[in-house]
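What follows is one structure encoded as structure tokens, with my remarks underneath.
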Amino acid sequence: MIKQVILWMLFLVSGSTLSVSESQSASLLPHAAESFNVSYIQMKNAGSCSYSVAISTSCSSPRYTRDHVSIAFGDAYGNQIYAPRLDDPASGTFESCSSDTFQISGPCAYQICYVYLYRSGSDGWKPESVKINSYNGRPVTFYYNTYVPRDTWYGFDLCNSASSTSSQIKPKKELGYEGVSWKLEGV
């Protein structure tokens, strides 16, 4: 009888642990931003800062894309940076198995905790990762490894789930979310 109770308790504890892990992992998948609007960009900090944004394109992406690609990212305090056009098909931007680095200026932000990509066009594009280096925070890498839907802001908003003590949040592979994570580097 005691063995059965102990086994039952272990089963309940492992089940609740699994459901917590699944919910944390699901929140780390890129998603469509339902209420994101770039016309509502706030500039709370006066001044301008420079950001280095490195975008790696997956090897399973189309060989090249002529699609228009934009990016918006920011911190938990409403400081947002927006670049309306990153693409340049003539220069080979966003070719498969490549990495492109952009210097973007915008309002000074604290720790970057969200990023959204926007794609318009019919070629398709599959980014692997987006790494943002900023003046005021640690470098942060967001792992997409999925196609960006057409005409939709698509990405991550981890501002409320970011932990100052955590250096990496990564879903468990056994849950089927391989390669989808974000991490703060240099912690």
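Each chain of the structure tokens is named A, B, ... in the order shown, its residues numbered from 1; ligands are numbered from 1 in display order.
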Just list the residues in range 39-123 of chain A DSSP gives strand (DSSP E or B) on the backbone, as a ChimeraX atom specification.
/A:42,49-57,68-74,79-83,99-106,114-120
Output of the above residues as an mmCIF file, in the first residue's frame, restricted to C-alpha atoms:
```cif
data_model
loop_
_atom_site.group_PDB
_atom_site.id
_atom_site.type_symbol
_atom_site.label_atom_id
_atom_site.label_comp_id
_atom_site.auth_asym_id
_atom_site.auth_seq_id
_atom_site.Cartn_x
_atom_site.Cartn_y
_atom_site.Cartn_z
ATOM 1 C CA GLN A 42 8.065 55.161 -28.204
ATOM 2 C CA CYS A 49 22.461 54.306 -29.684
ATOM 3 C CA SER A 50 23.938 51.900 -32.195
ATOM 4 C CA TYR A 51 23.028 48.211 -32.349
ATOM 5 C CA SER A 52 24.761 45.425 -34.197
ATOM 6 C CA VAL A 53 22.227 42.883 -35.464
ATOM 7 C CA ALA A 54 23.499 39.611 -36.952
ATOM 8 C CA ILE A 55 20.868 37.520 -38.731
ATOM 9 C CA SER A 56 21.748 33.983 -39.796
ATOM 10 C CA THR A 57 19.664 32.394 -42.531
ATOM 11 C CA HIS A 68 11.242 42.730 -48.016
ATOM 12 C CA VAL A 69 12.423 42.096 -44.443
ATOM 13 C CA SER A 70 12.023 44.494 -41.509
ATOM 14 C CA ILE A 71 12.972 44.178 -37.840
ATOM 15 C CA ALA A 72 11.733 45.724 -34.608
ATOM 16 C CA PHE A 73 13.189 45.017 -31.158
ATOM 17 C CA GLY A 74 13.288 46.606 -27.752
ATOM 18 C CA ASN A 79 12.158 51.639 -25.888
ATOM 19 C CA GLN A 80 11.826 50.282 -29.408
ATOM 20 C CA ILE A 81 14.152 50.167 -32.383
ATOM 21 C CA TYR A 82 12.792 49.718 -35.909
ATOM 22 C CA ALA A 83 14.526 49.172 -39.253
ATOM 23 C CA SER A 99 24.913 35.479 -41.942
ATOM 24 C CA ASP A 100 24.325 39.200 -42.443
ATOM 25 C CA THR A 101 25.238 41.935 -39.957
ATOM 26 C CA PHE A 102 23.499 45.303 -39.815
ATOM 27 C CA GLN A 103 24.325 48.470 -37.873
ATOM 28 C CA ILE A 104 21.043 49.983 -36.710
ATOM 29 C CA SER A 105 20.652 53.261 -34.843
ATOM 30 C CA GLY A 106 17.735 54.019 -32.580
ATOM 31 C CA TYR A 114 11.856 41.117 -27.692
ATOM 32 C CA VAL A 115 12.385 40.936 -31.420
ATOM 33 C CA TYR A 116 9.962 40.726 -34.319
ATOM 34 C CA LEU A 117 10.698 40.192 -38.008
ATOM 35 C CA TYR A 118 8.334 41.193 -40.807
ATOM 36 C CA ARG A 119 8.461 39.682 -44.287
ATOM 37 C CA SER A 120 6.478 40.676 -47.353
#
```
Pick out the closest residue to Tyr64 in chain A from this set: A:Glu128, A:Glu34, A:Asp151, A:Glu95. Count only C-alpha atoms.
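Under the stated criterion, the closest residue is A:Glu95.
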What is the distance, in Å and to one decimal place, between CA of Ser122 in chain A and CA of Tyr147 in chain A?
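Separating CA of Ser122 in chain A from CA of Tyr147 in chain A is a distance of 12.2 Å.
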Of the candidates A:Ala109, A:Ile132, A:Cys97, A:Ala32, which one gets nearest to Pro149 in chain A if we count only C-alpha atoms?
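So, comparing all the options, the nearest one is A:Ala32.
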Take CA of Val140 in chain A and CA of Phe156 in chain A and report the distance between them in Å, one decimal.
11.9 Å
DSSP says helix (DSSP H, G or I) for which residues of range 39-120 of chain A? Put them as a JSON list (two decimals) with N, CA and C atoms, in the first residue's frame?
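Contents of part-v8.json, freshly written:
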```
[["chain", "number", "residue", "atom", "x", "y", "z"],
["A", 39, "SER", "N", 3.89, 51.81, -35.71],
["A", 39, "SER", "CA", 3.58, 53.24, -35.69],
["A", 39, "SER", "C", 3.49, 53.76, -34.27],
["A", 40, "TYR", "N", 3.48, 52.85, -33.29],
["A", 40, "TYR", "CA", 3.40, 53.23, -31.88],
["A", 40, "TYR", "C", 4.76, 53.12, -31.20],
["A", 89, "PRO", "N", 18.48, 42.25, -52.28],
["A", 89, "PRO", "CA", 18.77, 41.07, -53.09],
["A", 89, "PRO", "C", 20.02, 41.23, -53.97],
["A", 90, "ALA", "N", 20.33, 42.45, -54.38],
["A", 90, "ALA", "CA", 21.50, 42.67, -55.24],
["A", 90, "ALA", "C", 22.80, 42.34, -54.51],
["A", 91, "SER", "N", 22.81, 42.47, -53.19],
["A", 91, "SER", "CA", 24.03, 42.20, -52.44],
["A", 91, "SER", "C", 24.07, 40.79, -51.83]]
```
Have a look at CA of Tyr135 in chain A and CA of Asp75 in chain A and let me know their distance in Å, one decimal.
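Taking CA of Tyr135 in chain A and CA of Asp75 in chain A, their separation equals 12.6 Å.
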